[in-house]
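A.B. asks: Hey, dropping input20.cif in here, mmCIF, C-alpha atoms:
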data_input
#
loop_
_atom_site.group_PDB
_atom_site.id
_atom_site.type_symbol
_atom_site.label_atom_id
_atom_site.label_comp_id
_atom_site.auth_asym_id
_atom_site.auth_seq_id
_atom_site.Cartn_x
_atom_site.Cartn_y
_atom_site.Cartn_z
ATOM 1 C CA MET H 1 27.137 -10.134 22.041
ATOM 2 C CA PRO H 2 29.575 -7.408 20.997
ATOM 3 C CA GLN H 3 30.346 -4.865 23.702
ATOM 4 C CA HIS H 4 28.928 -1.978 21.672
ATOM 5 C CA LEU H 5 25.533 -3.622 21.037
ATOM 6 C CA THR H 6 23.048 -3.149 23.848
ATOM 7 C CA GLY H 7 19.763 -4.695 22.668
ATOM 8 C CA ILE H 8 17.034 -3.805 20.196
ATOM 9 C CA ASP H 9 16.680 -0.111 19.386
ATOM 10 C CA HIS H 10 13.690 -0.338 17.054
ATOM 11 C CA CYS H 11 12.057 -2.416 14.368
ATOM 12 C CA VAL H 12 10.792 -1.516 10.926
ATOM 13 C CA ILE H 13 7.375 -2.199 9.411
ATOM 14 C CA LEU H 14 7.556 -1.754 5.660
ATOM 15 C CA VAL H 15 4.449 -0.236 4.092
ATOM 16 C CA ARG H 16 3.461 0.531 0.536
ATOM 17 C CA GLU H 17 1.555 3.736 1.258
ATOM 18 C CA LEU H 18 2.505 5.822 4.276
ATOM 19 C CA ASP H 19 -0.692 7.861 4.597
ATOM 20 C CA ALA H 20 -2.888 4.764 4.659
ATOM 21 C CA ALA H 21 -0.578 3.010 7.124
ATOM 22 C CA ALA H 22 -0.520 6.058 9.409
ATOM 23 C CA ALA H 23 -4.328 6.106 9.508
ATOM 24 C CA THR H 24 -4.361 2.386 10.361
ATOM 25 C CA TRP H 25 -1.963 2.715 13.299
ATOM 26 C CA ARG H 26 -3.745 5.761 14.689
ATOM 27 C CA ARG H 27 -6.934 3.650 14.751
ATOM 28 C CA LEU H 28 -4.942 1.076 16.699
ATOM 29 C CA GLY H 29 -4.403 3.658 19.432
ATOM 30 C CA PHE H 30 -0.873 4.870 18.705
ATOM 31 C CA THR H 31 0.509 8.390 18.544
ATOM 32 C CA LEU H 32 2.581 8.881 15.389
ATOM 33 C CA SER H 33 5.278 11.381 14.589
ATOM 34 C CA PRO H 34 4.748 13.635 11.571
ATOM 35 C CA ARG H 35 6.119 12.133 8.370
ATOM 36 C CA GLY H 36 9.891 12.479 8.211
ATOM 37 C CA TYR H 37 11.977 12.281 5.041
ATOM 38 C CA HIS H 38 15.422 10.730 5.331
ATOM 39 C CA SER H 39 18.491 11.996 3.501
ATOM 40 C CA ALA H 40 18.173 11.779 -0.290
ATOM 41 C CA HIS H 41 20.620 8.866 -0.626
ATOM 42 C CA MET H 42 18.366 6.774 1.652
ATOM 43 C CA GLY H 43 15.212 7.375 -0.456
ATOM 44 C CA THR H 44 12.831 6.605 2.415
ATOM 45 C CA ALA H 45 10.312 8.341 4.665
ATOM 46 C CA ASN H 46 8.715 7.258 7.910
ATOM 47 C CA HIS H 47 6.392 7.753 10.829
ATOM 48 C CA THR H 48 7.855 6.713 14.181
ATOM 49 C CA ILE H 49 5.880 5.278 17.088
ATOM 50 C CA MET H 50 7.951 6.161 20.124
ATOM 51 C CA LEU H 51 7.889 4.052 23.286
ATOM 52 C CA GLN H 52 9.719 4.459 26.600
ATOM 53 C CA ASP H 53 13.119 3.052 25.610
ATOM 54 C CA ASP H 54 12.599 1.789 22.064
ATOM 55 C CA TYR H 55 10.211 2.263 19.145
ATOM 56 C CA PHE H 56 8.991 0.995 15.823
ATOM 57 C CA GLU H 57 8.541 2.809 12.564
ATOM 58 C CA LEU H 58 6.344 2.672 9.495
ATOM 59 C CA LEU H 59 8.762 2.975 6.590
ATOM 60 C CA GLY H 60 8.029 3.631 2.936
ATOM 61 C CA VAL H 61 10.306 3.941 -0.074
ATOM 62 C CA VAL H 62 9.796 7.291 -1.828
ATOM 63 C CA ALA H 63 12.655 7.079 -4.354
ATOM 64 C CA PRO H 64 14.730 4.058 -5.434
ATOM 65 C CA THR H 65 18.353 4.283 -4.289
ATOM 66 C CA GLU H 66 21.223 1.880 -3.697
ATOM 67 C CA GLN H 67 20.648 2.143 0.041
ATOM 68 C CA ASN H 68 17.028 0.938 -0.091
ATOM 69 C CA HIS H 69 17.259 -1.895 -2.617
ATOM 70 C CA ARG H 70 16.697 -4.523 0.086
ATOM 71 C CA PHE H 71 13.579 -2.719 1.299
ATOM 72 C CA ARG H 72 12.255 -2.554 -2.272
ATOM 73 C CA GLU H 73 12.797 -6.272 -2.722
ATOM 74 C CA GLU H 74 10.955 -6.990 0.519
ATOM 75 C CA ILE H 75 7.997 -4.679 -0.087
ATOM 76 C CA ALA H 76 7.468 -6.414 -3.421
ATOM 77 C CA ARG H 77 6.626 -9.524 -1.360
ATOM 78 C CA GLY H 78 4.213 -7.657 0.882
ATOM 79 C CA GLU H 79 3.926 -5.293 3.819
ATOM 80 C CA GLY H 80 5.040 -6.214 7.313
ATOM 81 C CA LEU H 81 7.905 -6.450 9.759
ATOM 82 C CA SER H 82 11.121 -6.452 7.799
ATOM 83 C CA ALA H 83 14.069 -5.158 9.785
ATOM 84 C CA VAL H 84 15.479 -5.000 13.303
ATOM 85 C CA ALA H 85 17.847 -2.255 14.415
ATOM 86 C CA LEU H 86 20.182 -3.019 17.284
ATOM 87 C CA GLN H 87 21.033 -0.309 19.764
ATOM 88 C CA THR H 88 24.616 0.894 20.030
ATOM 89 C CA ASP H 89 26.607 3.524 21.839
ATOM 90 C CA ASP H 90 29.030 3.758 18.892
ATOM 91 C CA ALA H 91 28.121 2.506 15.404
ATOM 92 C CA ASP H 92 31.720 2.657 14.171
ATOM 93 C CA ALA H 93 33.008 0.604 17.098
ATOM 94 C CA ALA H 94 30.138 -1.877 16.656
ATOM 95 C CA CYS H 95 31.014 -2.225 12.965
ATOM 96 C CA ALA H 96 34.604 -3.045 13.875
ATOM 97 C CA GLU H 97 33.473 -5.594 16.470
ATOM 98 C CA ILE H 98 31.117 -7.315 14.038
ATOM 99 C CA ARG H 99 33.877 -7.572 11.462
ATOM 100 C CA GLY H 100 36.152 -8.929 14.173
ATOM 101 C CA MET H 101 33.603 -11.715 14.688
ATOM 102 C CA GLY H 102 34.030 -12.744 11.059
ATOM 103 C CA MET H 103 30.889 -11.080 9.680
ATOM 104 C CA ALA H 104 31.106 -8.639 6.793
ATOM 105 C CA ALA H 105 29.381 -5.583 8.233
ATOM 106 C CA SER H 106 28.748 -2.800 5.749
ATOM 107 C CA ASP H 107 30.593 0.480 5.918
ATOM 108 C CA VAL H 108 28.917 2.903 8.311
ATOM 109 C CA VAL H 109 26.436 5.251 6.618
ATOM 110 C CA ALA H 110 25.346 8.581 8.098
ATOM 111 C CA PHE H 111 21.923 10.089 7.419
ATOM 112 C CA SER H 112 19.327 12.329 9.001
ATOM 113 C CA ARG H 113 15.762 13.582 8.759
ATOM 114 C CA PRO H 114 14.164 16.893 9.754
ATOM 115 C CA VAL H 115 11.906 16.843 12.818
ATOM 116 C CA ASP H 116 8.965 19.164 13.451
ATOM 117 C CA LEU H 117 9.248 20.102 17.113
ATOM 118 C CA PRO H 118 6.276 20.541 19.450
ATOM 119 C CA GLY H 119 5.420 24.194 19.789
ATOM 120 C CA GLY H 120 6.980 25.066 16.459
ATOM 121 C CA GLY H 121 10.423 25.045 14.935
ATOM 122 C CA GLN H 122 12.403 22.236 13.397
ATOM 123 C CA GLY H 123 15.238 20.030 14.575
ATOM 124 C CA GLU H 124 17.162 17.168 13.040
ATOM 125 C CA ALA H 125 17.345 13.480 13.894
ATOM 126 C CA ALA H 126 20.735 12.056 12.939
ATOM 127 C CA PHE H 127 21.929 8.441 12.776
ATOM 128 C CA ARG H 128 24.902 6.274 11.882
ATOM 129 C CA VAL H 129 24.132 2.734 10.750
ATOM 130 C CA THR H 130 25.945 -0.418 9.685
ATOM 131 C CA HIS H 131 24.270 -3.537 8.268
ATOM 132 C CA PHE H 132 24.963 -7.162 9.031
ATOM 133 C CA PRO H 133 25.593 -9.200 5.865
ATOM 134 C CA ASP H 134 22.691 -10.346 3.712
ATOM 135 C CA GLY H 135 21.810 -13.940 4.453
ATOM 136 C CA LEU H 136 22.863 -13.933 8.114
ATOM 137 C CA LEU H 137 19.197 -14.114 9.118
ATOM 138 C CA PRO H 138 16.993 -15.091 6.169
ATOM 139 C CA GLY H 139 13.785 -13.075 6.321
ATOM 140 C CA VAL H 140 15.276 -10.345 8.551
ATOM 141 C CA GLN H 141 17.328 -7.297 7.730
ATOM 142 C CA LEU H 142 19.537 -6.819 10.778
ATOM 143 C CA PHE H 143 21.420 -3.577 11.275
ATOM 144 C CA VAL H 144 22.957 -1.398 13.950
ATOM 145 C CA CYS H 145 21.607 2.102 14.555
ATOM 146 C CA GLY H 146 23.581 4.758 16.384
ATOM 147 C CA GLN H 147 21.230 7.455 17.681
ATOM 148 C CA LEU H 148 23.110 10.767 17.607
ATOM 149 C CA THR H 149 20.216 13.042 18.613
ATOM 150 C CA ARG H 150 17.992 11.219 21.099
ATOM 151 C CA ASP H 151 16.244 14.431 22.176
ATOM 152 C CA THR H 152 14.767 14.886 18.690
ATOM 153 C CA VAL H 153 13.672 11.240 18.447
ATOM 154 C CA TRP H 154 12.292 10.468 21.935
ATOM 155 C CA ILE H 155 10.047 13.518 22.130
ATOM 156 C CA PRO H 156 7.778 13.317 25.226
ATOM 157 C CA GLU H 157 4.652 14.399 23.335
ATOM 158 C CA LEU H 158 5.077 11.404 21.002
ATOM 159 C CA MET H 159 5.526 8.860 23.792
ATOM 160 C CA THR H 160 1.985 8.937 25.204
ATOM 161 C CA HIS H 161 -0.458 6.645 23.411
ATOM 162 C CA PRO H 162 -4.220 6.220 23.827
ATOM 163 C CA ASN H 163 -3.673 2.447 24.074
ATOM 164 C CA GLY H 164 -1.083 2.856 26.860
ATOM 165 C CA ALA H 165 1.830 1.399 24.868
ATOM 166 C CA LEU H 166 5.094 1.283 26.823
ATOM 167 C CA GLY H 167 7.620 -0.806 24.913
ATOM 168 C CA LEU H 168 8.511 -3.644 22.575
ATOM 169 C CA ALA H 169 7.839 -6.881 24.457
ATOM 170 C CA ALA H 170 8.650 -9.422 21.750
ATOM 171 C CA LEU H 171 9.142 -10.044 18.074
ATOM 172 C CA VAL H 172 7.724 -13.239 16.571
ATOM 173 C CA MET H 173 9.458 -14.973 13.695
ATOM 174 C CA ALA H 174 8.083 -17.835 11.639
ATOM 175 C CA CYS H 175 10.771 -20.339 10.690
ATOM 176 C CA ALA H 176 10.699 -23.862 9.345
ATOM 177 C CA ASP H 177 13.557 -24.950 11.622
ATOM 178 C CA PRO H 178 13.672 -22.848 14.825
ATOM 179 C CA SER H 179 16.844 -24.541 16.099
ATOM 180 C CA ALA H 180 18.770 -23.811 12.907
ATOM 181 C CA THR H 181 17.518 -20.224 12.867
ATOM 182 C CA ALA H 182 18.438 -19.824 16.527
ATOM 183 C CA ALA H 183 22.025 -20.785 15.722
ATOM 184 C CA ARG H 184 22.149 -17.824 13.347
ATOM 185 C CA TRP H 185 20.821 -15.420 15.989
ATOM 186 C CA ALA H 186 23.407 -16.850 18.405
ATOM 187 C CA ARG H 187 26.191 -15.586 16.130
ATOM 188 C CA VAL H 188 25.174 -12.104 17.292
ATOM 189 C CA PHE H 189 23.775 -12.593 20.803
ATOM 190 C CA GLY H 190 25.631 -15.719 21.927
ATOM 191 C CA THR H 191 24.357 -19.191 22.781
ATOM 192 C CA ALA H 192 23.564 -18.136 26.353
ATOM 193 C CA ALA H 193 20.785 -15.941 24.932
ATOM 194 C CA LEU H 194 18.888 -18.991 23.618
ATOM 195 C CA ALA H 195 16.217 -20.917 25.504
ATOM 196 C CA ALA H 196 13.928 -23.686 24.319
ATOM 197 C CA ILE H 197 10.201 -22.901 24.406
ATOM 198 C CA ASP H 198 7.185 -24.915 23.292
ATOM 199 C CA GLY H 199 7.489 -25.326 19.534
ATOM 200 C CA GLY H 200 10.510 -23.116 19.128
ATOM 201 C CA VAL H 201 13.351 -21.096 20.630
ATOM 202 C CA ARG H 202 13.430 -17.769 22.466
ATOM 203 C CA VAL H 203 16.299 -15.322 21.938
ATOM 204 C CA ASP H 204 16.978 -12.943 24.822
ATOM 205 C CA THR H 205 18.197 -9.626 23.386
ATOM 206 C CA GLY H 206 17.693 -7.620 26.564
ATOM 207 C CA LYS H 207 14.316 -5.932 27.138
ATOM 208 C CA THR H 208 12.840 -7.479 23.986
ATOM 209 C CA LYS H 209 12.574 -11.204 23.284
ATOM 210 C CA VAL H 210 12.573 -12.777 19.838
ATOM 211 C CA GLU H 211 10.444 -15.900 19.572
ATOM 212 C CA LEU H 212 11.368 -18.293 16.758
ATOM 213 C CA LEU H 213 8.353 -20.494 16.095
ATOM 214 C CA ALA H 214 7.523 -23.223 13.601
ATOM 215 C CA PRO H 215 4.363 -22.694 11.500
ATOM 216 C CA PRO H 216 2.336 -25.371 13.364
ATOM 217 C CA THR H 217 3.114 -23.649 16.668
ATOM 218 C CA LEU H 218 2.003 -20.292 15.267
ATOM 219 C CA ALA H 219 -1.221 -21.831 13.975
ATOM 220 C CA ALA H 220 -1.941 -23.337 17.409
ATOM 221 C CA ARG H 221 -1.108 -20.116 19.256
ATOM 222 C CA TYR H 222 -3.165 -17.878 16.963
ATOM 223 C CA PRO H 223 -5.966 -20.131 15.662
ATOM 224 C CA GLY H 224 -7.884 -18.746 12.713
ATOM 225 C CA VAL H 225 -5.487 -15.834 12.197
ATOM 226 C CA PRO H 226 -4.138 -15.846 8.622
ATOM 227 C CA MET H 227 -0.443 -15.107 8.256
ATOM 228 C CA ASP H 228 2.266 -15.878 5.740
ATOM 229 C CA THR H 229 4.435 -18.678 7.093
ATOM 230 C CA SER H 230 5.535 -19.942 3.688
ATOM 231 C CA ARG H 231 9.053 -18.639 4.301
ATOM 232 C CA ASP H 232 11.206 -17.646 7.240
ATOM 233 C CA ARG H 233 10.189 -14.105 8.196
ATOM 234 C CA LEU H 234 9.163 -11.816 11.017
ATOM 235 C CA VAL H 235 5.389 -12.040 11.418
ATOM 236 C CA GLY H 236 4.448 -10.503 14.760
ATOM 237 C CA LEU H 237 5.061 -7.719 17.232
ATOM 238 C CA ALA H 238 4.038 -7.797 20.896
ATOM 239 C CA ILE H 239 3.598 -4.418 22.564
ATOM 240 C CA ARG H 240 3.806 -4.052 26.338
ATOM 241 C CA VAL H 241 1.000 -1.847 27.670
ATOM 242 C CA ALA H 242 0.199 -0.387 31.066
ATOM 243 C CA ASP H 243 -3.332 -1.840 31.124
ATOM 244 C CA LEU H 244 -4.940 -4.327 28.749
ATOM 245 C CA GLY H 245 -8.361 -2.859 29.439
ATOM 246 C CA LYS H 246 -7.149 0.554 28.295
ATOM 247 C CA ALA H 247 -5.618 -0.973 25.183
ATOM 248 C CA ARG H 248 -8.859 -2.763 24.292
ATOM 249 C CA ALA H 249 -10.870 0.411 24.906
ATOM 250 C CA ALA H 250 -8.576 2.356 22.549
ATOM 251 C CA LEU H 251 -8.932 -0.313 19.868
ATOM 252 C CA THR H 252 -12.697 -0.234 20.210
ATOM 253 C CA ALA H 253 -12.772 3.571 20.127
ATOM 254 C CA GLY H 254 -10.698 3.548 16.953
ATOM 255 C CA LYS H 255 -13.019 0.953 15.375
ATOM 256 C CA ALA H 256 -9.986 -1.237 14.854
ATOM 257 C CA PRO H 257 -10.695 -4.957 14.329
ATOM 258 C CA TRP H 258 -9.302 -6.933 17.267
ATOM 259 C CA ARG H 259 -10.028 -10.229 18.905
ATOM 260 C CA GLU H 260 -9.397 -12.324 21.960
ATOM 261 C CA SER H 261 -7.729 -15.577 20.934
ATOM 262 C CA GLU H 262 -6.452 -18.147 23.421
ATOM 263 C CA GLY H 263 -6.443 -15.383 26.034
ATOM 264 C CA ARG H 264 -4.439 -13.061 23.787
ATOM 265 C CA THR H 265 -5.462 -9.554 22.652
ATOM 266 C CA ILE H 266 -4.503 -9.444 18.993
ATOM 267 C CA VAL H 267 -4.973 -7.627 15.709
ATOM 268 C CA ALA H 268 -4.625 -9.762 12.580
ATOM 269 C CA PRO H 269 -1.940 -8.941 10.004
ATOM 270 C CA GLN H 270 -4.432 -7.740 7.400
ATOM 271 C CA ASP H 271 -5.522 -5.030 9.854
ATOM 272 C CA ALA H 272 -2.025 -3.897 10.911
ATOM 273 C CA SER H 273 0.082 -3.389 7.784
ATOM 274 C CA GLY H 274 0.869 -7.070 7.401
ATOM 275 C CA THR H 275 1.963 -7.460 11.034
ATOM 276 C CA LEU H 276 0.365 -9.655 13.687
ATOM 277 C CA LEU H 277 -0.034 -7.254 16.617
ATOM 278 C CA GLU H 278 -0.426 -8.459 20.193
ATOM 279 C CA PHE H 279 -0.893 -6.407 23.353
ATOM 280 C CA VAL H 280 0.552 -7.759 26.602
ATOM 281 C CA ALA H 281 0.480 -6.343 30.128
#
Go through the file and emit its structure as structure tokens.
C.D. replies:
Amino acid sequence: MPQHLTGIDHCVILVRELDAAAATWRRLGFTLSPRGYHSAHMGTANHTIMLQDDYFELLGVVAPTEQNHRFREEIARGEGLSAVALQTDDADAACAEIRGMGMAASDVVAFSRPVDLPGGGQGEAAFRVTHFPDGLLPGVQLFVCGQLTRDTVWIPELMTHPNGALGLAALVMACADPSATAARWARVFGTAALAAIDGGVRVDTGKTKVELLAPPTLAARYPGVPMDTSRDRLVGLAIRVADLGKARAALTAGKAPWRESEGRTIVAPQDASGTLLEFVA
């Protein structure tokens, strides 16, 4: 893995309608940031769900721009996990490293969004990003995100959740050929990051694992849970929580549909913006 990449920073759940998605994820027991609008050339807005060291965001396109054409293409196929942002200490240096590895990283783009601060006032969250080339990981937009203003992103009041969420435990990807897909992930994280698991391959990115699973394995792991495995794509997100009992109580309090399946605490994609959601202790 390049020296200036240090794991997964956050992941992106694309949604068609931000207000409806925000209501859904609050019922699931998460604390959401107020809606933030990115710089005009990005044409997007979001709600972040901040965890201890990482986060995920609900992202919607509010105006078509060159920068969001890939998101628009993906949302046309349906809501759900779409992109993974890798953490970096220097987006420009990471871009140079990626290009040095023979991959055509995009030029670095700077953007920001205003942040309503607790207690009043407004700050700014600023970022520098570079994208890996289209086609490196079919079904995943992979990019690098340099956080320039961590104090206006990881706000303590946004990091406490009724369901006890602590961090991103794993991403789950459906793929017809896990070994072939793993070879693509290895171009970024190295072959040492790969490990065979039942019905697929695990990619070790640091704190967060990526599980590459064939459709039959997904069907056996999550019996009776409908999900789109007709193409290679990210389908699931596992959230690490302090206490599974607390997580289940928050789901019940929010009247969110959830189930126990094969010993797993899950919310089906149709009840979580197209994303299979699992809670793990």
A.B. asks: Can you list, as JSON, numbers by chain, the residues that the PyMOL selection byres ((chain H and resi 46) around 7) selects here?
C.D. replies: {"H": [35, 36, 37, 44, 45, 47, 48, 57, 58, 59, 60]}
A.B. asks: Name every residue that the PyMOL selection byres ((chain H and resi 27) around 12) selects in this structure, writing the answer as an mmCIF file with C-alpha atoms, keeping the file's coordinate frame with chains first and numbers rising.
C.D. replies:
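As written to disk, expr_33.cif reads:
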data_model
loop_
_atom_site.group_PDB
_atom_site.id
_atom_site.type_symbol
_atom_site.label_atom_id
_atom_site.label_comp_id
_atom_site.auth_asym_id
_atom_site.auth_seq_id
_atom_site.Cartn_x
_atom_site.Cartn_y
_atom_site.Cartn_z
ATOM 1 C CA ALA H 20 -2.888 4.764 4.659
ATOM 2 C CA ALA H 21 -0.578 3.010 7.124
ATOM 3 C CA ALA H 22 -0.520 6.058 9.409
ATOM 4 C CA ALA H 23 -4.328 6.106 9.508
ATOM 5 C CA THR H 24 -4.361 2.386 10.361
ATOM 6 C CA TRP H 25 -1.963 2.715 13.299
ATOM 7 C CA ARG H 26 -3.745 5.761 14.689
ATOM 8 C CA LEU H 28 -4.942 1.076 16.699
ATOM 9 C CA GLY H 29 -4.403 3.658 19.432
ATOM 10 C CA PHE H 30 -0.873 4.870 18.705
ATOM 11 C CA THR H 31 0.509 8.390 18.544
ATOM 12 C CA LEU H 32 2.581 8.881 15.389
ATOM 13 C CA HIS H 161 -0.458 6.645 23.411
ATOM 14 C CA PRO H 162 -4.220 6.220 23.827
ATOM 15 C CA ASN H 163 -3.673 2.447 24.074
ATOM 16 C CA ALA H 247 -5.618 -0.973 25.183
ATOM 17 C CA ARG H 248 -8.859 -2.763 24.292
ATOM 18 C CA ALA H 249 -10.870 0.411 24.906
ATOM 19 C CA ALA H 250 -8.576 2.356 22.549
ATOM 20 C CA LEU H 251 -8.932 -0.313 19.868
ATOM 21 C CA THR H 252 -12.697 -0.234 20.210
ATOM 22 C CA ALA H 253 -12.772 3.571 20.127
ATOM 23 C CA GLY H 254 -10.698 3.548 16.953
ATOM 24 C CA LYS H 255 -13.019 0.953 15.375
ATOM 25 C CA ALA H 256 -9.986 -1.237 14.854
ATOM 26 C CA PRO H 257 -10.695 -4.957 14.329
ATOM 27 C CA TRP H 258 -9.302 -6.933 17.267
ATOM 28 C CA VAL H 267 -4.973 -7.627 15.709
ATOM 29 C CA ASP H 271 -5.522 -5.030 9.854
ATOM 30 C CA ALA H 272 -2.025 -3.897 10.911
#
A.B. asks: If you measure from CA of Asp90 (chain H) to CA of Val201 (chain H), what distance in Å do you get, rounded to one decimal?
C.D. replies: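 For CA of Asp90 (chain H) relative to CA of Val201 (chain H), the distance reads 29.4 Å.
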A.B. asks: On this file, the PyMOL selection byres ((chain H and resi 13) around 6) gives some set of residues; write that set as a CSV table (one decimal) with C-alpha atoms, in the frame of the given file.
C.D. replies:
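What ended up in part_3.csv:
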chain,number,residue,atom,x,y,z
H,12,VAL,CA,10.8,-1.5,10.9
H,14,LEU,CA,7.6,-1.8,5.7
H,58,LEU,CA,6.3,2.7,9.5
H,80,GLY,CA,5.0,-6.2,7.3
H,81,LEU,CA,7.9,-6.4,9.8
H,82,SER,CA,11.1,-6.5,7.8
A.B. asks: Quick one, how far is CA of Gly224 (chain H) from CA of Leu168 (chain H)?
C.D. replies: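 Computing it gives 24.4 Å between the two atoms.
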A.B. asks: For Pro118 (chain H), please output as number ranges by chain all residues within 10 Å (counting all atoms listed in the file; exclusion window: fewer than 6 positions along the same chain).
C.D. replies: H: 155-158
A.B. asks: I'd like to know which of H:Glu262, H:Glu74, H:Asp89, H:Asp232 is closest to Thr149 (chain H), using only C-alpha atoms.
C.D. replies: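 For Thr149 (chain H), the nearest of the given residues is H:Asp89.
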A.B. asks: Just the number, please: distance in Å from CA of Met50 (chain H) to CA of His4 (chain H), one decimal.
C.D. replies: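 Interatomic distance, CA of Met50 (chain H) to CA of His4 (chain H): 22.6 Å.
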A.B. asks: Just checking: using all atoms listed in the file, which residue out of H:Gly139, H:Gly146, H:Gly274, H:Gly236 ends up closest to Ala126 (chain H)?
C.D. replies: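 Checking each candidate against Ala126 (chain H), we get H:Gly146 as the closest.
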A.B. asks: Quick one: of H:Gly167, H:Pro34, H:Pro223, H:Pro138, who's nearest to His10 (chain H), counting all atoms listed in the file?
C.D. replies: H:Gly167
A.B. asks: Nearest to Arg202 (chain H): which of H:Ser106, H:Ser179, H:Ser261, H:Thr152 is it, counting all atoms listed in the file?
C.D. replies: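 Nearest to Arg202 (chain H): H:Ser179.
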A.B. asks: Identify, on the basis of all atoms listed in the file, every residue whose closest approach to Leu148 (chain H) does not exceed 8 Å; exclude the query and any residue fewer than 3 positions from it along the same chain; express the result as an NGL selection string.
C.D. replies: :H and (125-128)
A.B. asks: So which one's closest to Leu18 (chain H), H:Thr275, H:Ala176, H:Ala76, H:Val61? Using all atoms listed in the file, please.
C.D. replies: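 The answer is H:Val61, which sits nearest to Leu18 (chain H).
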A.B. asks: Do you know which residues are at most 7 Å from Gly43 (chain H) counting all atoms listed in the file, after dropping those on the same chain fewer than 4 positions away, and could you put them as a list in words?
C.D. replies: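 Once the nearby chain positions are removed, what remains is His38, Ser39, Val61, Val62, Ala63, Pro64, Thr65 and Asn68 of chain H.
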